[in-house]
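What follows is data-v1.pdb (PDB, C-alpha atoms, pLDDT in the B column).
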```pdb
MODEL        1
ATOM      1  CA  MET A   1      33.989  84.426  86.915  1.00 54.00           C
ATOM      2  CA  PRO A   2      32.857  87.803  88.357  1.00 67.00           C
ATOM      3  CA  ALA A   3      29.770  87.990  90.519  1.00 78.00           C
ATOM      4  CA  GLU A   4      26.502  89.056  88.927  1.00 91.00           C
ATOM      5  CA  VAL A   5      25.598  92.715  89.505  1.00 95.00           C
ATOM      6  CA  ARG A   6      21.922  93.060  90.426  1.00 97.00           C
ATOM      7  CA  ASN A   7      21.912  96.099  92.736  1.00 98.00           C
ATOM      8  CA  ILE A   8      24.059  99.217  92.353  1.00 98.00           C
ATOM      9  CA  LEU A   9      24.287 101.899  95.034  1.00 98.00           C
ATOM     10  CA  TYR A  10      25.142 105.284  93.522  1.00 98.00           C
ATOM     11  CA  CYS A  11      26.244 107.773  96.196  1.00 96.00           C
ATOM     12  CA  THR A  12      26.034 111.440  95.326  1.00 94.00           C
ATOM     13  CA  ASP A  13      27.569 114.348  97.181  1.00 90.00           C
ATOM     14  CA  LEU A  14      25.935 116.836  94.779  1.00 90.00           C
ATOM     15  CA  SER A  15      29.367 117.987  93.567  1.00 85.00           C
ATOM     16  CA  GLU A  16      30.269 118.636  89.936  1.00 77.00           C
ATOM     17  CA  ASN A  17      31.785 115.172  89.734  1.00 78.00           C
ATOM     18  CA  ALA A  18      28.534 113.535  90.859  1.00 86.00           C
ATOM     19  CA  ASP A  19      27.212 113.522  87.270  1.00 90.00           C
ATOM     20  CA  VAL A  20      30.372 111.790  86.083  1.00 92.00           C
ATOM     21  CA  ALA A  21      29.905 109.053  88.687  1.00 94.00           C
ATOM     22  CA  LEU A  22      26.199 108.803  87.791  1.00 96.00           C
ATOM     23  CA  ARG A  23      27.174 108.295  84.155  1.00 96.00           C
ATOM     24  CA  TYR A  24      29.174 105.229  85.192  1.00 97.00           C
ATOM     25  CA  ALA A  25      26.457 103.939  87.505  1.00 98.00           C
ATOM     26  CA  ALA A  26      23.780 104.363  84.802  1.00 98.00           C
ATOM     27  CA  TYR A  27      25.971 102.710  82.171  1.00 97.00           C
ATOM     28  CA  LEU A  28      26.676  99.730  84.431  1.00 97.00           C
ATOM     29  CA  ALA A  29      22.981  99.443  85.360  1.00 98.00           C
ATOM     30  CA  LYS A  30      22.028  99.501  81.680  1.00 97.00           C
ATOM     31  CA  LEU A  31      24.714  96.956  80.803  1.00 96.00           C
ATOM     32  CA  THR A  32      23.824  94.514  83.586  1.00 96.00           C
ATOM     33  CA  GLY A  33      20.105  95.203  84.002  1.00 97.00           C
ATOM     34  CA  ALA A  34      20.788  95.938  87.673  1.00 98.00           C
ATOM     35  CA  ASP A  35      18.519  97.978  89.912  1.00 98.00           C
ATOM     36  CA  LEU A  36      19.958 101.390  90.736  1.00 98.00           C
ATOM     37  CA  HIS A  37      19.686 103.017  94.166  1.00 98.00           C
ATOM     38  CA  VAL A  38      20.566 106.680  94.722  1.00 98.00           C
ATOM     39  CA  LEU A  39      21.838 107.836  98.116  1.00 97.00           C
ATOM     40  CA  HIS A  40      22.862 111.216  99.473  1.00 96.00           C
ATOM     41  CA  VAL A  41      23.918 111.488 103.091  1.00 95.00           C
ATOM     42  CA  VAL A  42      23.439 114.829 104.806  1.00 92.00           C
ATOM     43  CA  GLU A  43      26.239 115.194 107.341  1.00 85.00           C
ATOM     44  CA  GLU A  44      24.795 114.825 110.811  1.00 79.00           C
ATOM     45  CA  LEU A  45      24.948 118.017 112.858  1.00 71.00           C
ATOM     46  CA  SER A  46      27.567 118.133 115.588  1.00 69.00           C
ATOM     47  CA  SER A  47      26.440 118.205 119.200  1.00 73.00           C
ATOM     48  CA  ASP A  48      27.607 121.849 119.370  1.00 72.00           C
ATOM     49  CA  ALA A  49      25.374 122.772 116.441  1.00 67.00           C
ATOM     50  CA  ARG A  50      22.412 120.983 118.026  1.00 65.00           C
ATOM     51  CA  VAL A  51      22.986 122.797 121.353  1.00 67.00           C
ATOM     52  CA  THR A  52      23.134 126.120 119.503  1.00 71.00           C
ATOM     53  CA  ILE A  53      19.866 125.397 117.718  1.00 66.00           C
ATOM     54  CA  GLU A  54      18.242 124.416 121.020  1.00 68.00           C
ATOM     55  CA  ALA A  55      19.491 127.653 122.620  1.00 68.00           C
ATOM     56  CA  PHE A  56      18.065 129.883 119.902  1.00 66.00           C
ATOM     57  CA  VAL A  57      14.955 127.969 118.845  1.00 67.00           C
ATOM     58  CA  MET A  58      13.010 127.350 122.037  1.00 67.00           C
ATOM     59  CA  ASP A  59       9.964 125.701 120.478  1.00 71.00           C
ATOM     60  CA  ALA A  60      10.681 121.956 120.078  1.00 72.00           C
ATOM     61  CA  GLY A  61       8.248 121.678 117.161  1.00 78.00           C
ATOM     62  CA  LYS A  62       9.936 124.501 115.247  1.00 73.00           C
ATOM     63  CA  ARG A  63      13.344 122.986 115.986  1.00 67.00           C
ATOM     64  CA  HIS A  64      12.246 119.648 114.556  1.00 69.00           C
ATOM     65  CA  GLU A  65      10.702 121.438 111.582  1.00 80.00           C
ATOM     66  CA  ALA A  66      13.957 123.333 110.876  1.00 74.00           C
ATOM     67  CA  LEU A  67      16.006 120.135 110.994  1.00 74.00           C
ATOM     68  CA  GLN A  68      13.538 118.354 108.679  1.00 82.00           C
ATOM     69  CA  GLU A  69      13.549 121.307 106.296  1.00 89.00           C
ATOM     70  CA  ARG A  70      17.337 120.977 106.028  1.00 85.00           C
ATOM     71  CA  VAL A  71      16.974 117.397 104.764  1.00 90.00           C
ATOM     72  CA  GLU A  72      14.030 118.240 102.489  1.00 93.00           C
ATOM     73  CA  LYS A  73      15.979 121.037 100.761  1.00 94.00           C
ATOM     74  CA  VAL A  74      18.752 118.570 100.007  1.00 94.00           C
ATOM     75  CA  ARG A  75      16.207 115.998  98.780  1.00 95.00           C
ATOM     76  CA  ALA A  76      14.832 118.612  96.360  1.00 96.00           C
ATOM     77  CA  GLU A  77      18.377 119.300  95.119  1.00 95.00           C
ATOM     78  CA  VAL A  78      19.024 115.570  94.589  1.00 96.00           C
ATOM     79  CA  MET A  79      15.833 115.277  92.544  1.00 97.00           C
ATOM     80  CA  LYS A  80      16.707 118.413  90.561  1.00 96.00           C
ATOM     81  CA  GLN A  81      20.131 116.942  89.780  1.00 95.00           C
ATOM     82  CA  GLN A  82      18.545 113.635  88.743  1.00 97.00           C
ATOM     83  CA  ASP A  83      16.079 115.403  86.445  1.00 97.00           C
ATOM     84  CA  ALA A  84      18.858 117.450  84.833  1.00 96.00           C
ATOM     85  CA  PHE A  85      21.071 114.403  84.315  1.00 96.00           C
ATOM     86  CA  TRP A  86      18.379 112.222  82.765  1.00 97.00           C
ATOM     87  CA  SER A  87      17.007 114.985  80.533  1.00 96.00           C
ATOM     88  CA  ASP A  88      20.485 115.276  78.966  1.00 95.00           C
ATOM     89  CA  GLN A  89      20.521 111.588  78.013  1.00 95.00           C
ATOM     90  CA  SER A  90      19.371 110.135  74.708  1.00 95.00           C
ATOM     91  CA  LYS A  91      15.814 108.750  74.570  1.00 94.00           C
ATOM     92  CA  LYS A  92      17.235 105.231  74.593  1.00 93.00           C
ATOM     93  CA  ASP A  93      19.427 105.913  77.638  1.00 94.00           C
ATOM     94  CA  GLN A  94      16.606 107.695  79.486  1.00 95.00           C
ATOM     95  CA  LYS A  95      14.902 104.307  79.840  1.00 96.00           C
ATOM     96  CA  THR A  96      17.646 103.341  82.298  1.00 97.00           C
ATOM     97  CA  ARG A  97      16.059 105.786  84.757  1.00 97.00           C
ATOM     98  CA  ASN A  98      13.292 103.196  85.194  1.00 98.00           C
ATOM     99  CA  GLN A  99      15.889 100.982  86.873  1.00 98.00           C
ATOM    100  CA  ILE A 100      16.141 103.445  89.777  1.00 98.00           C
ATOM    101  CA  LYS A 101      14.369 101.705  92.644  1.00 98.00           C
ATOM    102  CA  SER A 102      15.071 104.188  95.442  1.00 98.00           C
ATOM    103  CA  VAL A 103      16.284 107.734  96.019  1.00 97.00           C
ATOM    104  CA  ASP A 104      17.186 108.330  99.661  1.00 97.00           C
ATOM    105  CA  VAL A 105      18.434 111.382 101.520  1.00 96.00           C
ATOM    106  CA  ILE A 106      19.456 110.465 105.052  1.00 95.00           C
ATOM    107  CA  GLU A 107      20.986 112.508 107.848  1.00 92.00           C
ATOM    108  CA  SER A 108      23.873 110.491 109.240  1.00 93.00           C
ATOM    109  CA  TYR A 109      27.613 110.005 109.021  1.00 92.00           C
ATOM    110  CA  PRO A 110      28.335 109.467 105.302  1.00 93.00           C
ATOM    111  CA  ALA A 111      30.677 106.450 105.270  1.00 94.00           C
ATOM    112  CA  GLU A 112      28.662 104.645 107.941  1.00 96.00           C
ATOM    113  CA  GLN A 113      25.387 105.225 106.120  1.00 97.00           C
ATOM    114  CA  ILE A 114      26.763 104.230 102.719  1.00 97.00           C
ATOM    115  CA  LEU A 115      27.999 100.926 104.141  1.00 98.00           C
ATOM    116  CA  LYS A 116      24.775 100.322 106.081  1.00 98.00           C
ATOM    117  CA  THR A 117      22.616 101.078 103.021  1.00 98.00           C
ATOM    118  CA  SER A 118      24.708  98.847 100.754  1.00 98.00           C
ATOM    119  CA  VAL A 119      24.132  95.928 103.129  1.00 97.00           C
ATOM    120  CA  LYS A 120      20.441  96.704 103.671  1.00 98.00           C
ATOM    121  CA  LEU A 121      19.772  96.825  99.909  1.00 97.00           C
ATOM    122  CA  GLY A 122      21.978  93.839  99.117  1.00 97.00           C
ATOM    123  CA  CYS A 123      24.112  95.885  96.730  1.00 97.00           C
ATOM    124  CA  ASP A 124      26.704  94.203  94.545  1.00 96.00           C
ATOM    125  CA  LEU A 125      28.484  97.456  93.652  1.00 97.00           C
ATOM    126  CA  ILE A 126      28.936 100.932  95.132  1.00 98.00           C
ATOM    127  CA  VAL A 127      29.662 103.829  92.753  1.00 97.00           C
ATOM    128  CA  MET A 128      30.768 107.224  94.019  1.00 94.00           C
ATOM    129  CA  GLY A 129      32.775 110.170  92.749  1.00 88.00           C
ATOM    130  CA  ALA A 130      36.013 111.601  94.041  1.00 83.00           C
ATOM    131  CA  HIS A 131      36.352 115.347  94.230  1.00 66.00           C
ATOM    132  CA  GLU A 132      38.753 117.926  95.535  1.00 55.00           C
ATOM    133  CA  LYS A 133      38.006 119.318  98.946  1.00 55.00           C
ATOM    134  CA  GLY A 134      40.379 122.108  99.781  1.00 44.00           C
ATOM    135  CA  LEU A 135      43.990 122.441  98.695  1.00 38.00           C
ATOM    136  CA  SER A 136      45.396 119.026  99.522  1.00 38.00           C
ATOM    137  CA  HIS A 137      42.630 117.012 101.158  1.00 42.00           C
ATOM    138  CA  THR A 138      40.600 114.967  98.702  1.00 42.00           C
ATOM    139  CA  PHE A 139      37.255 113.223  99.009  1.00 42.00           C
ATOM    140  CA  LEU A 140      39.170 109.975  98.644  1.00 53.00           C
ATOM    141  CA  GLY A 141      40.970 110.860 101.855  1.00 51.00           C
ATOM    142  CA  GLY A 142      37.697 110.923 103.747  1.00 82.00           C
ATOM    143  CA  VAL A 143      34.410 109.247 102.967  1.00 88.00           C
ATOM    144  CA  ALA A 144      35.452 107.261  99.894  1.00 86.00           C
ATOM    145  CA  LYS A 145      38.613 105.985 101.574  1.00 88.00           C
ATOM    146  CA  SER A 146      36.624 104.816 104.584  1.00 91.00           C
ATOM    147  CA  VAL A 147      34.052 103.101 102.352  1.00 93.00           C
ATOM    148  CA  LEU A 148      36.798 101.443 100.292  1.00 92.00           C
ATOM    149  CA  ARG A 149      38.561 100.202 103.410  1.00 92.00           C
ATOM    150  CA  ARG A 150      35.462  98.729 105.040  1.00 95.00           C
ATOM    151  CA  SER A 151      33.142  97.694 102.210  1.00 95.00           C
ATOM    152  CA  ARG A 152      32.504  94.017 101.588  1.00 93.00           C
ATOM    153  CA  VAL A 153      31.369  94.695  98.009  1.00 94.00           C
ATOM    154  CA  PRO A 154      33.301  96.137  95.057  1.00 96.00           C
ATOM    155  CA  THR A 155      33.429  99.922  95.109  1.00 96.00           C
ATOM    156  CA  LEU A 156      34.058 102.104  92.064  1.00 95.00           C
ATOM    157  CA  ILE A 157      35.524 105.545  92.795  1.00 92.00           C
ATOM    158  CA  VAL A 158      35.179 107.777  89.743  1.00 91.00           C
ATOM    159  CA  PRO A 159      37.914 110.446  89.539  1.00 86.00           C
ATOM    160  CA  LEU A 160      37.484 113.974  88.300  1.00 77.00           C
ATOM    161  CA  PRO A 161      37.539 114.070  84.494  1.00 75.00           C
TER     162      PRO A 161
ENDMDL
END
```

If you convert what's in this file into structure tokens, what do you get?
Amino acid sequence: MPAEVRNILYCTDLSENADVALRYAAYLAKLTGADLHVLHVVEELSSDARVTIEAFVMDAGKRHEALQERVEKVRAEVMKQQDAFWSDQSKKDQKTRNQIKSVDVIESYPAEQILKTSVKLGCDLIVMGAHEKGLSHTFLGGVAKSVLRRSRVPTLIVPLP
């Protein structure tokens, strides 16, 4: 007998395939009555990038502000994508949006943060999309593969349609 699904973590990378993965996450949430959590991880800046910012932006307050603005712009894009997705759904399916309990945008290393968030929220399922990244390297070769390898909960990787 499969485990009950009460919490689903939907991870978005804001790619074209993100809506396809969200369709699956929303369907599964509707089917099971599970809470839905949305997560986007902004890749943490490298130490070289941070040194460059420190060299050119002398004021510590402005530096902090610029780094925060980076995350806030992504948060606005996540919300815009959510609004667009849910407005395209039928009235009946739009009710599933009420099952979204959190929308988080966090600056970190993606696979690490996805795993950490899934544990913190007590998720029973992780849903994320696969997408092409360059000529031969795929998303599955990076973040999704790392999550699949290390996750202690079932993980659904949604391929490109």

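For the pair atom CA of A:Arg6 and atom CA of A:Glu112, the interatomic distance is 22.1 Å.
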
One decimal, in Å: what's the spacing between atom CA of A:Leu115 and atom CA of A:Ala66?
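According to the coordinates, atom CA of A:Leu115 and atom CA of A:Ala66 are separated by 27.3 Å.
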
Find the residues of stretch 97-160 of chain A that sit at most 6 Å from stretch 36-42 of chain A; for each, write down the nearest two atoms and how far apart they are in Å, to one decimal. Count only C-alpha atoms. Sort by chain, then by number going up, and give it as a Markdown table.
```
| residue | atom | partner | partner_atom | distance |
| --- | --- | --- | --- | --- |
| A:Gln99 | CA | A:Leu36 | CA | 5.6 |
| A:Ile100 | CA | A:Leu36 | CA | 4.4 |
| A:Lys101 | CA | A:His37 | CA | 5.7 |
| A:Ser102 | CA | A:His37 | CA | 4.9 |
| A:Val103 | CA | A:Val38 | CA | 4.6 |
| A:Asp104 | CA | A:Leu39 | CA | 4.9 |
| A:Val105 | CA | A:His40 | CA | 4.9 |
| A:Ile106 | CA | A:Val41 | CA | 5.0 |
| A:Glu107 | CA | A:Val42 | CA | 4.5 |
| A:Pro110 | CA | A:Val41 | CA | 5.3 |
```

Atom CA of A:Ala111 and atom CA of A:Ala144 are how many Å apart?
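Atom CA of A:Ala144 lies at a distance of 7.2 Å from atom CA of A:Ala111.
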
Looking at only C-alpha atoms, which of A:Cys123, A:Asp48, A:Ile114, A:Val71 is the one that sits closest to A:Arg150?
A:Ile114

Taking all atoms listed in the file into account, name the residue in A:Cys11, A:Asp59, A:Glu69, A:Asn98 that is nearest to A:Ala29.
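Ranking A:Cys11, A:Asp59, A:Glu69, A:Asn98 by distance to A:Ala29, first place goes to A:Asn98.
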
Taking (29.0, 89.6, 90.0) in the file's coordinates, which residues come within 12 Å, counting all atoms listed in the file, written as a list in words?
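Collected hits near the coordinates: Met1, Pro2, Ala3, Glu4, Val5, Arg6, Asn7, Ile8, Leu28, Thr32, Ala34, Cys123, Asp124, Leu125, Val153 and Pro154 of chain A.
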
Let me make sure I understand: among A:Arg97, A:Arg75, A:Val147, A:Arg152, which one has the smallest atom-to-atom distance to A:Gly122 if we use all atoms listed in the file?
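Using all atoms listed in the file, A:Gly122 sits closest to A:Arg152.
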
Expand the PyMOL selection byres ((chain A and resi 17) around 12) into the explicit residue set it covers here, and present it as a ChimeraX atom specification.
/A:11-16,18-24,81,127-133,139,157-161

Nearest to A:Val74: which of A:Leu9, A:Glu43, A:Leu148, A:Val119 is it, counting only C-alpha atoms?
A:Glu43

Take every atom of stretch 35-44 of chain A listed in the file, fit an axis-aligned box around them, add 3 Å per side, and give the centre and edge lengths in Å to one decimal as AutoDock Vina command-line options.
```
--center_x 22.4 --center_y 106.6 --center_z 100.4 --size_x 13.7 --size_y 23.2 --size_z 26.9
```

C-alpha atoms of stretch 75-104 of chain A from block above, as a PDB file, in the first residue's frame:
```pdb
ATOM      1  CA  ARG A  75      10.091  36.208  -6.397  1.00  0.00           C
ATOM      2  CA  ALA A  76       8.000  38.573  -8.544  1.00  0.00           C
ATOM      3  CA  GLU A  77       8.598  36.324 -11.570  1.00  0.00           C
ATOM      4  CA  VAL A  78       7.543  33.222  -9.602  1.00  0.00           C
ATOM      5  CA  MET A  79       4.321  34.946  -8.555  1.00  0.00           C
ATOM      6  CA  LYS A  80       3.697  36.146 -12.120  1.00  0.00           C
ATOM      7  CA  GLN A  81       4.141  32.581 -13.377  1.00  0.00           C
ATOM      8  CA  GLN A  82       1.784  31.268 -10.685  1.00  0.00           C
ATOM      9  CA  ASP A  83      -0.867  33.848 -11.580  1.00  0.00           C
ATOM     10  CA  ALA A  84      -0.604  33.012 -15.288  1.00  0.00           C
ATOM     11  CA  PHE A  85      -0.817  29.269 -14.661  1.00  0.00           C
ATOM     12  CA  TRP A  86      -3.833  29.429 -12.362  1.00  0.00           C
ATOM     13  CA  SER A  87      -5.725  31.924 -14.527  1.00  0.00           C
ATOM     14  CA  ASP A  88      -5.533  29.397 -17.392  1.00  0.00           C
ATOM     15  CA  GLN A  89      -7.209  26.687 -15.305  1.00  0.00           C
ATOM     16  CA  SER A  90     -10.926  25.960 -15.178  1.00  0.00           C
ATOM     17  CA  LYS A  91     -12.895  27.512 -12.297  1.00  0.00           C
ATOM     18  CA  LYS A  92     -13.087  24.097 -10.652  1.00  0.00           C
ATOM     19  CA  ASP A  93      -9.330  23.514 -10.949  1.00  0.00           C
ATOM     20  CA  GLN A  94      -8.512  27.042  -9.753  1.00  0.00           C
ATOM     21  CA  LYS A  95      -9.724  25.989  -6.299  1.00  0.00           C
ATOM     22  CA  THR A  96      -6.627  23.787  -6.038  1.00  0.00           C
ATOM     23  CA  ARG A  97      -4.592  26.996  -5.708  1.00  0.00           C
ATOM     24  CA  ASN A  98      -6.002  27.257  -2.173  1.00  0.00           C
ATOM     25  CA  GLN A  99      -3.939  24.176  -1.325  1.00  0.00           C
ATOM     26  CA  ILE A 100      -0.722  26.165  -1.832  1.00  0.00           C
ATOM     27  CA  LYS A 101       0.613  26.705   1.677  1.00  0.00           C
ATOM     28  CA  SER A 102       3.936  28.371   0.855  1.00  0.00           C
ATOM     29  CA  VAL A 103       5.787  30.035  -2.005  1.00  0.00           C
ATOM     30  CA  ASP A 104       9.491  30.407  -1.247  1.00  0.00           C
TER      31      ASP A 104
END
```
